[in-house]
Amino acid sequence: MATAGKVIKCKAAVAWEAGKPLSIEEVEVAPPQAMEVRVKILFTSLCHTDVYFWEAKAYMLWQGSLTIIVESVGEGVTDVAPGDHVLPVFTGECKECAHCKSAESNMCDLLRINTDRGVMIGDGKSRFSINGKPIYHFVGTSTFSEYTVMHVGCVAKINPEAPLDKVCVLSCGISTGLGASVNVAKPPNGSTVAIFGLGAVGLAAAEGARIAGASRIIGVDLNPNRFEEARKFGCTEFVNPKDHNKPVQEVLAEMTNGGVDRSVECTGNINAMIQAFECVHDGWGVAVLVGVPHKDAEFKTHPMNFLNERTLKGTFFGNFKPRTDLPNVVELYMKKELEVEKFITHTVPFSEINKAFDLMAKGEGIRCIIRMDH
C-alpha cells in the first residue's frame with residue numbers, strides 16, 4: 001500500500017486523565033518493526049474491562065474487540081499480508097513457547113495479557129506519538145485509533161467474507177464465555193448447566209452451553225431484568241439468590257436432584273465462585289471460573305467437596321488459542337451455528353466514543369460497537 005513504511009497521521013481517542021472523557025486527537029502511527037503489523041481499524045467494540053481501566057489509568061489508547069484490515073507488515077511477518085482481514089486479541093500466540101505448543105494451554109509466555117507494558121515488546125518503544133511525545137499502547141492492541149500497530153502473534157487471519165461489523169465482538173468477552181462452556185466445561189448433550197452472572201460473558205457462556213446441547217440452562221443473577229433477554233441465549237430457567245432464604249447452591253441442588261452437571265461463573269464475585277463450585281453434582285460435576293476476583297479474595301470450601309469428585313477449573317479467554325482457534329469461531333458464525341447479532345445492542349460513530357463509555361458505565365446489558373470514521 002502507498003502508506004507502507006511511512007508514518008501515518010490519523011485520529012485516535014486518548015485518555016489524558018483517568019476517568020475523564022477521551023479526547024479525539026491527531027496521532028502519528030509509526031511503521032511496524034520486525035514481527036509487527038500495522039492495521040486499519042474499521043469497527044471496534046467496548047468491553048467492561050475498558051471502563052475499568054479507563055477509571056484507573058491514563059495516557060493510553062484502549063482495546064475492545066475489533067475487526068481490521070492489514071495495512072503493512074514488518075520484517076519477518078509471513079502469516080498475514082496487506083489486505084488481509086484480521087481479528088486482533090489482547091492476548092497472543094507466538095506458536096513457539098511451551099504453552100503455545102501444548103494442546104492444553106493458551107497462556108503464551110511471550111504475548112499473554114499485560115496491562116502495564118504500554119510499549120511494543122520488540123524494542124520497548126511506543127508506535128504512537130503526538131508532536132514527538134509518546135502515547136502508550138494498551139494490552140497490545142490499542143484499537144481506539146484509526147490505525148494501530150501490534151505484534152503479529154496478536155492478530156488472527158479470518159474469512160474475508162465475514163461481516164466485520166458483526167464478528168468484531170468475537171475477539172474479547174464473547175469468545176471468553178463461549179469457550180468457557182464449549183472448551184472447558186464441555187457439557188454433555190442433555191446435561192444441566194448453571195450460569196452465574198448474565199452480563200455479556202455469561203450470555204456467551206449460555207450460548208456455548210446451548211451449542212453443546214445442554215437441555216437445562218439455569219441463569220443465576222441478582223438482577224431479574226436480565227432474565228428475559230437471557231432466554232435468547234438458551235437460558236431455560238432463572239434463579240435470583242435474593243428470592244431465597246438459603247444458599248443458592250442448595251436451591252440449585254434441590255432443583256436438579258443433587259446438583260448441576262456443569263457451572264460457569266462469570267461475575268468475579270468470590271461468593272459466586274464458591275457457590276458455582278458447591279452447586280455441581282458430586283461424582284461428575286465440573287465448575288469453571290471465568291470472572292476475575294479482587295486481588296485479596298480467598299476461595300474457601302470444604303475439602304470434602306473435592307474428595308467427593310467435584311472438579312474446579314479456571315479459564316483464560318475461554319482456552320482459545322487466538323491465531324489458531326478464532327478463525328474457527330468466525331466460521332461457526334458463518335455457518336449460522338453461532339448467533340452474533342443478538343450480542344450487539346448499540347452502534348455509535350467513533351466521534352461519539354464517550355457516549356459509548358457513558359452507556360457502558362450507566363447501562364445494564366449494554367454491548368456497544370464503535371464505527372470508525374474513515
# chains A, B, ... in the order shown; residues from 1 in each chain; ligands from 1

$ closest_atom_pairs --of "region 146-225 of chain A" --to "region 114-134 of chain A" --cutoff "12 Å" --atoms "only C-alpha atoms" --output "tab-separated table"
residue	atom	partner	partner_atom	distance
A:Glu146	CA	A:Phe128	CA	11.7
A:Tyr147	CA	A:Phe128	CA	9.7
A:Thr148	CA	A:Arg127	CA	8.0
A:Val149	CA	A:Arg127	CA	6.7
A:Met150	CA	A:Met120	CA	7.6
A:His151	CA	A:Met120	CA	7.6
A:Val152	CA	A:Met120	CA	11.3
A:Gly153	CA	A:Ile121	CA	11.5
A:Cys154	CA	A:Met120	CA	11.8

$ residues_around --residues "region 193-208 of chain A" --least-positions-apart "2" --cutoff "6 Å" --atoms "only C-alpha atoms" --output "ChimeraX atom specification"
/A:173-174,177-178,181-182,210-211,217-221,233-234,260,262-267

$ closest_residue --among "A:Cys172, A:Cys97, A:Val330, A:Ala4" --to "Ile113 (chain A)" --atoms "only C-alpha atoms"
A:Cys172

$ closest_residue --among "A:Asp325, A:Asp282, A:Glu331, A:Glu17" --to "Leu307 (chain A)" --atoms "only C-alpha atoms"
A:Asp282

$ closest_residue --among "A:Leu326, A:Ala253, A:Val80, A:Ile270" --to "Ala297 (chain A)" --atoms "only C-alpha atoms"
A:Ile270

$ select_by_dssp --residues "region 45-238 of chain A" --states "alpha helix (DSSP H)" --output "PyMOL selection string"
chain A and resi 48-54+98-101+164-167+173-179+200-212+227-230

$ atom_distance --atom1 "CA of Ala12 (chain A)" --atom2 "CA of Val39 (chain A)"
13.4 Å

$ select_by_dssp --residues "region 215-276 of chain A" --states "strand (DSSP E)" --output "list in words"
Arg216, Ile217, Ile218, Gly219, Val220, Glu237, Phe238, Val239, Arg262, Ser263, Val264 and Glu265 of chain A

$ write_last_selection --atoms "N, CA, C and O atoms" --output "PDB file, in the first residue's frame"
ATOM      1  N   ARG A 216     -30.982 -28.129  30.058  1.00  0.00           N
ATOM      2  CA  ARG A 216     -31.404 -27.135  31.045  1.00  0.00           C
ATOM      3  C   ARG A 216     -30.246 -26.172  31.270  1.00  0.00           C
ATOM      4  O   ARG A 216     -29.138 -26.590  31.611  1.00  0.00           O
ATOM      5  N   ILE A 217     -30.512 -24.890  31.081  1.00  0.00           N
ATOM      6  CA  ILE A 217     -29.502 -23.858  31.314  1.00  0.00           C
ATOM      7  C   ILE A 217     -30.116 -22.872  32.296  1.00  0.00           C
ATOM      8  O   ILE A 217     -31.062 -22.156  31.968  1.00  0.00           O
ATOM      9  N   ILE A 218     -29.595 -22.872  33.509  1.00  0.00           N
ATOM     10  CA  ILE A 218     -30.169 -22.083  34.604  1.00  0.00           C
ATOM     11  C   ILE A 218     -29.330 -20.824  34.801  1.00  0.00           C
ATOM     12  O   ILE A 218     -28.152 -20.901  35.164  1.00  0.00           O
ATOM     13  N   GLY A 219     -29.923 -19.674  34.559  1.00  0.00           N
ATOM     14  CA  GLY A 219     -29.240 -18.414  34.772  1.00  0.00           C
ATOM     15  C   GLY A 219     -29.377 -17.959  36.209  1.00  0.00           C
ATOM     16  O   GLY A 219     -30.471 -17.979  36.772  1.00  0.00           O
ATOM     17  N   VAL A 220     -28.259 -17.561  36.813  1.00  0.00           N
ATOM     18  CA  VAL A 220     -28.254 -17.101  38.198  1.00  0.00           C
ATOM     19  C   VAL A 220     -27.773 -15.653  38.205  1.00  0.00           C
ATOM     20  O   VAL A 220     -26.651 -15.361  37.772  1.00  0.00           O
ATOM     21  N   GLU A 237     -34.232 -21.494  32.627  1.00  0.00           N
ATOM     22  CA  GLU A 237     -34.743 -21.212  33.973  1.00  0.00           C
ATOM     23  C   GLU A 237     -33.856 -20.151  34.621  1.00  0.00           C
ATOM     24  O   GLU A 237     -32.724 -19.922  34.176  1.00  0.00           O
ATOM     25  N   PHE A 238     -34.381 -19.553  35.688  1.00  0.00           N
ATOM     26  CA  PHE A 238     -33.636 -18.479  36.335  1.00  0.00           C
ATOM     27  C   PHE A 238     -33.770 -18.571  37.842  1.00  0.00           C
ATOM     28  O   PHE A 238     -34.813 -18.963  38.369  1.00  0.00           O
ATOM     29  N   VAL A 239     -32.694 -18.182  38.514  1.00  0.00           N
ATOM     30  CA  VAL A 239     -32.682 -18.132  39.975  1.00  0.00           C
ATOM     31  C   VAL A 239     -32.086 -16.800  40.394  1.00  0.00           C
ATOM     32  O   VAL A 239     -30.981 -16.444  39.973  1.00  0.00           O
ATOM     33  N   ARG A 262     -22.753 -29.053  35.181  1.00  0.00           N
ATOM     34  CA  ARG A 262     -21.702 -28.079  34.910  1.00  0.00           C
ATOM     35  C   ARG A 262     -22.148 -26.709  35.415  1.00  0.00           C
ATOM     36  O   ARG A 262     -23.339 -26.383  35.387  1.00  0.00           O
ATOM     37  N   SER A 263     -21.194 -25.882  35.829  1.00  0.00           N
ATOM     38  CA  SER A 263     -21.492 -24.486  36.143  1.00  0.00           C
ATOM     39  C   SER A 263     -20.381 -23.620  35.578  1.00  0.00           C
ATOM     40  O   SER A 263     -19.224 -24.047  35.485  1.00  0.00           O
ATOM     41  N   VAL A 264     -20.750 -22.394  35.188  1.00  0.00           N
ATOM     42  CA  VAL A 264     -19.783 -21.438  34.670  1.00  0.00           C
ATOM     43  C   VAL A 264     -20.006 -20.125  35.414  1.00  0.00           C
ATOM     44  O   VAL A 264     -21.101 -19.567  35.373  1.00  0.00           O
ATOM     45  N   GLU A 265     -18.980 -19.634  36.097  1.00  0.00           N
ATOM     46  CA  GLU A 265     -19.079 -18.425  36.903  1.00  0.00           C
ATOM     47  C   GLU A 265     -18.476 -17.252  36.142  1.00  0.00           C
ATOM     48  O   GLU A 265     -17.312 -17.296  35.749  1.00  0.00           O
TER      49      GLU A 265
END

$ residues_around --residues "region 346-350 of chain A" --least-positions-apart "2" --cutoff "8 Å" --atoms "only C-alpha atoms" --output "PyMOL selection string"
chain A and resi 344+352-353+355-356+366-373

$ write_last_selection --atoms "C-alpha atoms" --output "PDB file, in the first residue's frame"
ATOM      1  CA  ILE A 344     -24.904  -6.152  19.880  1.00  0.00           C
ATOM      2  CA  GLU A 352     -19.110   9.821  19.847  1.00  0.00           C
ATOM      3  CA  ILE A 353     -16.941   7.272  21.648  1.00  0.00           C
ATOM      4  CA  LYS A 355     -21.275   8.230  24.534  1.00  0.00           C
ATOM      5  CA  ALA A 356     -20.356   4.541  24.356  1.00  0.00           C
ATOM      6  CA  ILE A 366     -25.064  -2.639  27.013  1.00  0.00           C
ATOM      7  CA  ARG A 367     -22.836  -4.153  24.322  1.00  0.00           C
ATOM      8  CA  CYS A 368     -21.607  -1.399  22.042  1.00  0.00           C
ATOM      9  CA  ILE A 369     -19.977  -1.369  18.576  1.00  0.00           C
ATOM     10  CA  ILE A 370     -17.947   1.691  17.554  1.00  0.00           C
ATOM     11  CA  ARG A 371     -17.865   2.503  13.844  1.00  0.00           C
ATOM     12  CA  MET A 372     -14.622   4.213  12.814  1.00  0.00           C
ATOM     13  CA  ASP A 373     -14.923   7.497  10.883  1.00  0.00           C
TER      14      ASP A 373
END

$ residues_around --residues "Glu96 (chain A)" --least-positions-apart "6" --cutoff "10 Å" --atoms "only C-alpha atoms" --output "list in words"
Ser102, Cys108, Asp109 and Leu110 of chain A

$ write_last_selection --atoms "N, CA, C and O atoms" --output "mmCIF file, in the first residue's frame"
data_model
loop_
_atom_site.group_PDB
_atom_site.id
_atom_site.type_symbol
_atom_site.label_atom_id
_atom_site.label_comp_id
_atom_site.auth_asym_id
_atom_site.auth_seq_id
_atom_site.Cartn_x
_atom_site.Cartn_y
_atom_site.Cartn_z
ATOM 1 N N SER A 102 1.576 -26.616 23.647
ATOM 2 C CA SER A 102 0.722 -27.517 24.402
ATOM 3 C C SER A 102 -0.713 -27.439 23.895
ATOM 4 O O SER A 102 -1.244 -26.352 23.665
ATOM 5 N N CYS A 108 0.255 -17.960 26.379
ATOM 6 C CA CYS A 108 1.526 -17.718 25.696
ATOM 7 C C CYS A 108 2.530 -17.000 26.606
ATOM 8 O O CYS A 108 2.223 -15.973 27.207
ATOM 9 N N ASP A 109 3.741 -17.552 26.701
ATOM 10 C CA ASP A 109 4.777 -16.946 27.536
ATOM 11 C C ASP A 109 5.141 -15.547 27.054
ATOM 12 O O ASP A 109 5.364 -14.637 27.855
ATOM 13 N N LEU A 110 5.199 -15.363 25.750
ATOM 14 C CA LEU A 110 5.655 -14.093 25.188
ATOM 15 C C LEU A 110 4.565 -13.032 25.160
ATOM 16 O O LEU A 110 4.824 -11.859 25.443
#

$ residues_around --residues "Val340 (chain A)" --least-positions-apart "6" --cutoff "9 Å" --atoms "only C-alpha atoms" --output "number ranges by chain"
A: 166-167, 169-170, 174, 333

$ write_last_selection --atoms "all heavy atoms" --output "PDB file, in the first residue's frame"
ATOM      1  N   LYS A 166     -19.933  -7.319  12.541  1.00  0.00           N
ATOM      2  CA  LYS A 166     -20.531  -8.329  13.420  1.00  0.00           C
ATOM      3  C   LYS A 166     -19.462  -9.130  14.161  1.00  0.00           C
ATOM      4  O   LYS A 166     -19.507  -9.253  15.383  1.00  0.00           O
ATOM      5  CB  LYS A 166     -21.417  -9.281  12.600  1.00  0.00           C
ATOM      6  CG  LYS A 166     -22.525  -8.594  11.811  1.00  0.00           C
ATOM      7  CD  LYS A 166     -23.525  -7.901  12.709  1.00  0.00           C
ATOM      8  CE  LYS A 166     -24.748  -7.408  11.947  1.00  0.00           C
ATOM      9  NZ  LYS A 166     -24.424  -6.405  10.915  1.00  0.00           N
ATOM     10  N   VAL A 167     -18.497  -9.667  13.414  1.00  0.00           N
ATOM     11  CA  VAL A 167     -17.530 -10.573  14.045  1.00  0.00           C
ATOM     12  C   VAL A 167     -16.528  -9.843  14.920  1.00  0.00           C
ATOM     13  O   VAL A 167     -15.750 -10.477  15.643  1.00  0.00           O
ATOM     14  CB  VAL A 167     -16.794 -11.437  12.988  1.00  0.00           C
ATOM     15  CG1 VAL A 167     -17.786 -12.316  12.250  1.00  0.00           C
ATOM     16  CG2 VAL A 167     -16.003 -10.577  12.020  1.00  0.00           C
ATOM     17  N   VAL A 169     -17.033  -8.534  17.633  1.00  0.00           N
ATOM     18  CA  VAL A 169     -17.278  -8.815  19.051  1.00  0.00           C
ATOM     19  C   VAL A 169     -16.629 -10.118  19.507  1.00  0.00           C
ATOM     20  O   VAL A 169     -16.626 -10.435  20.691  1.00  0.00           O
ATOM     21  CB  VAL A 169     -18.797  -8.869  19.357  1.00  0.00           C
ATOM     22  CG1 VAL A 169     -19.460  -7.544  19.051  1.00  0.00           C
ATOM     23  CG2 VAL A 169     -19.480 -10.008  18.613  1.00  0.00           C
ATOM     24  N   LEU A 170     -16.053 -10.876  18.580  1.00  0.00           N
ATOM     25  CA  LEU A 170     -15.544 -12.200  18.911  1.00  0.00           C
ATOM     26  C   LEU A 170     -14.123 -12.193  19.467  1.00  0.00           C
ATOM     27  O   LEU A 170     -13.625 -13.243  19.864  1.00  0.00           O
ATOM     28  CB  LEU A 170     -15.603 -13.115  17.679  1.00  0.00           C
ATOM     29  CG  LEU A 170     -17.007 -13.420  17.158  1.00  0.00           C
ATOM     30  CD1 LEU A 170     -16.934 -14.275  15.899  1.00  0.00           C
ATOM     31  CD2 LEU A 170     -17.839 -14.124  18.229  1.00  0.00           C
ATOM     32  N   ILE A 174     -17.019 -12.229  24.273  1.00  0.00           N
ATOM     33  CA  ILE A 174     -17.933 -13.251  23.726  1.00  0.00           C
ATOM     34  C   ILE A 174     -17.212 -14.581  23.587  1.00  0.00           C
ATOM     35  O   ILE A 174     -17.722 -15.630  23.992  1.00  0.00           O
ATOM     36  CB  ILE A 174     -18.517 -12.797  22.374  1.00  0.00           C
ATOM     37  CG1 ILE A 174     -19.180 -11.425  22.509  1.00  0.00           C
ATOM     38  CG2 ILE A 174     -19.508 -13.834  21.854  1.00  0.00           C
ATOM     39  CD1 ILE A 174     -20.202 -11.308  23.610  1.00  0.00           C
ATOM     40  N   TYR A 333     -19.979 -18.734  13.133  1.00  0.00           N
ATOM     41  CA  TYR A 333     -20.936 -17.681  12.793  1.00  0.00           C
ATOM     42  C   TYR A 333     -21.329 -17.768  11.320  1.00  0.00           C
ATOM     43  O   TYR A 333     -22.522 -17.651  10.986  1.00  0.00           O
ATOM     44  CB  TYR A 333     -20.342 -16.304  13.095  1.00  0.00           C
ATOM     45  CG  TYR A 333     -21.151 -15.172  12.505  1.00  0.00           C
ATOM     46  CD1 TYR A 333     -22.376 -14.804  13.062  1.00  0.00           C
ATOM     47  CD2 TYR A 333     -20.717 -14.494  11.373  1.00  0.00           C
ATOM     48  CE1 TYR A 333     -23.132 -13.781  12.520  1.00  0.00           C
ATOM     49  CE2 TYR A 333     -21.466 -13.460  10.825  1.00  0.00           C
ATOM     50  CZ  TYR A 333     -22.661 -13.112  11.389  1.00  0.00           C
ATOM     51  OH  TYR A 333     -23.417 -12.111  10.835  1.00  0.00           O
TER      52      TYR A 333
END

$ residues_around --residues "region 183-189 of chain A" --least-positions-apart "5" --cutoff "7 Å" --atoms "only C-alpha atoms" --output "list in words"
Ala209, Ala212, Gly213, Ala214, Arg262, Val286, Ala287, Val288, Gly318 and Asn319 of chain A

$ atom_distance --atom1 "CA of Pro293 (chain A)" --atom2 "CA of Met273 (chain A)"
8.8 Å

$ atom_distance --atom1 "CA of Thr236 (chain A)" --atom2 "CA of Asn305 (chain A)"
27.0 Å

$ closest_residue --among "A:Ala18, A:Val139, A:Leu87, A:Ala13" --to "Asn328 (chain A)" --atoms "only C-alpha atoms"
A:Leu87

$ decode --residues "region 101-112 of chain A" --atoms "all heavy atoms" --output "compact mmCIF listing (two decimals), in the first residue's frame"
# COMPACT_ATOMS: atom_id res chain seq x y z
N LYS A 101 2.78 -24.60 22.31
CA LYS A 101 2.95 -25.94 21.76
C LYS A 101 2.10 -26.98 22.48
O LYS A 101 1.92 -28.09 21.99
CB LYS A 101 4.42 -26.33 21.80
CG LYS A 101 5.29 -25.55 20.83
CD LYS A 101 6.74 -25.98 20.88
CE LYS A 101 7.58 -25.21 19.86
NZ LYS A 101 9.00 -25.61 19.92
N SER A 102 1.58 -26.62 23.65
CA SER A 102 0.72 -27.52 24.40
C SER A 102 -0.71 -27.44 23.89
O SER A 102 -1.24 -26.35 23.67
CB SER A 102 0.75 -27.15 25.89
OG SER A 102 -0.26 -27.84 26.60
N ALA A 103 -1.35 -28.59 23.76
CA ALA A 103 -2.76 -28.62 23.35
C ALA A 103 -3.68 -28.20 24.49
O ALA A 103 -4.87 -27.98 24.28
CB ALA A 103 -3.13 -30.02 22.88
N GLU A 104 -3.14 -28.05 25.69
CA GLU A 104 -3.95 -27.79 26.86
C GLU A 104 -3.90 -26.34 27.33
O GLU A 104 -4.57 -25.99 28.31
CB GLU A 104 -3.52 -28.70 28.01
CG GLU A 104 -3.67 -30.18 27.69
CD GLU A 104 -3.24 -31.06 28.85
OE1 GLU A 104 -3.48 -30.67 30.00
OE2 GLU A 104 -2.66 -32.13 28.61
N SER A 105 -3.12 -25.48 26.69
CA SER A 105 -2.94 -24.13 27.22
C SER A 105 -2.99 -23.09 26.11
O SER A 105 -2.60 -23.35 24.97
CB SER A 105 -1.60 -24.02 27.96
OG SER A 105 -1.36 -22.68 28.38
N ASN A 106 -3.45 -21.88 26.47
CA ASN A 106 -3.37 -20.73 25.57
C ASN A 106 -2.64 -19.56 26.24
O ASN A 106 -2.75 -18.42 25.82
CB ASN A 106 -4.78 -20.28 25.13
CG ASN A 106 -5.61 -19.74 26.29
OD1 ASN A 106 -5.28 -19.93 27.46
ND2 ASN A 106 -6.70 -19.07 25.97
N MET A 107 -1.89 -19.85 27.29
CA MET A 107 -1.22 -18.82 28.09
C MET A 107 0.18 -18.55 27.55
O MET A 107 1.19 -18.87 28.17
CB MET A 107 -1.15 -19.27 29.55
CG MET A 107 -2.50 -19.57 30.18
SD MET A 107 -3.40 -18.08 30.61
CE MET A 107 -2.48 -17.52 32.02
N CYS A 108 0.26 -17.96 26.38
CA CYS A 108 1.53 -17.72 25.70
C CYS A 108 2.53 -17.00 26.61
O CYS A 108 2.22 -15.97 27.21
CB CYS A 108 1.28 -16.88 24.44
SG CYS A 108 2.79 -16.45 23.53
N ASP A 109 3.74 -17.55 26.70
CA ASP A 109 4.78 -16.95 27.54
C ASP A 109 5.14 -15.55 27.05
O ASP A 109 5.36 -14.64 27.85
CB ASP A 109 6.05 -17.81 27.53
CG ASP A 109 5.93 -19.01 28.45
OD1 ASP A 109 5.21 -18.93 29.46
OD2 ASP A 109 6.56 -20.05 28.15
N LEU A 110 5.20 -15.36 25.75
CA LEU A 110 5.66 -14.09 25.19
C LEU A 110 4.56 -13.03 25.16
O LEU A 110 4.82 -11.86 25.44
CB LEU A 110 6.19 -14.32 23.76
CG LEU A 110 6.69 -13.09 23.02
CD1 LEU A 110 7.95 -12.54 23.69
CD2 LEU A 110 6.97 -13.42 21.55
N LEU A 111 3.34 -13.43 24.83
CA LEU A 111 2.32 -12.45 24.46
C LEU A 111 1.07 -12.46 25.34
O LEU A 111 0.07 -11.84 24.99
CB LEU A 111 1.91 -12.66 23.00
CG LEU A 111 3.04 -12.49 21.98
CD1 LEU A 111 2.58 -12.96 20.60
CD2 LEU A 111 3.51 -11.05 21.93
N ARG A 112 1.11 -13.15 26.47
CA ARG A 112 -0.09 -13.14 27.32
C ARG A 112 -0.35 -11.72 27.80
O ARG A 112 0.54 -10.87 27.83
CB ARG A 112 0.05 -14.11 28.48
CG ARG A 112 1.00 -13.69 29.56
CD ARG A 112 0.97 -14.65 30.74
NE ARG A 112 1.42 -15.99 30.37
CZ ARG A 112 1.49 -17.01 31.22
NH1 ARG A 112 1.12 -16.83 32.48
NH2 ARG A 112 1.91 -18.19 30.84
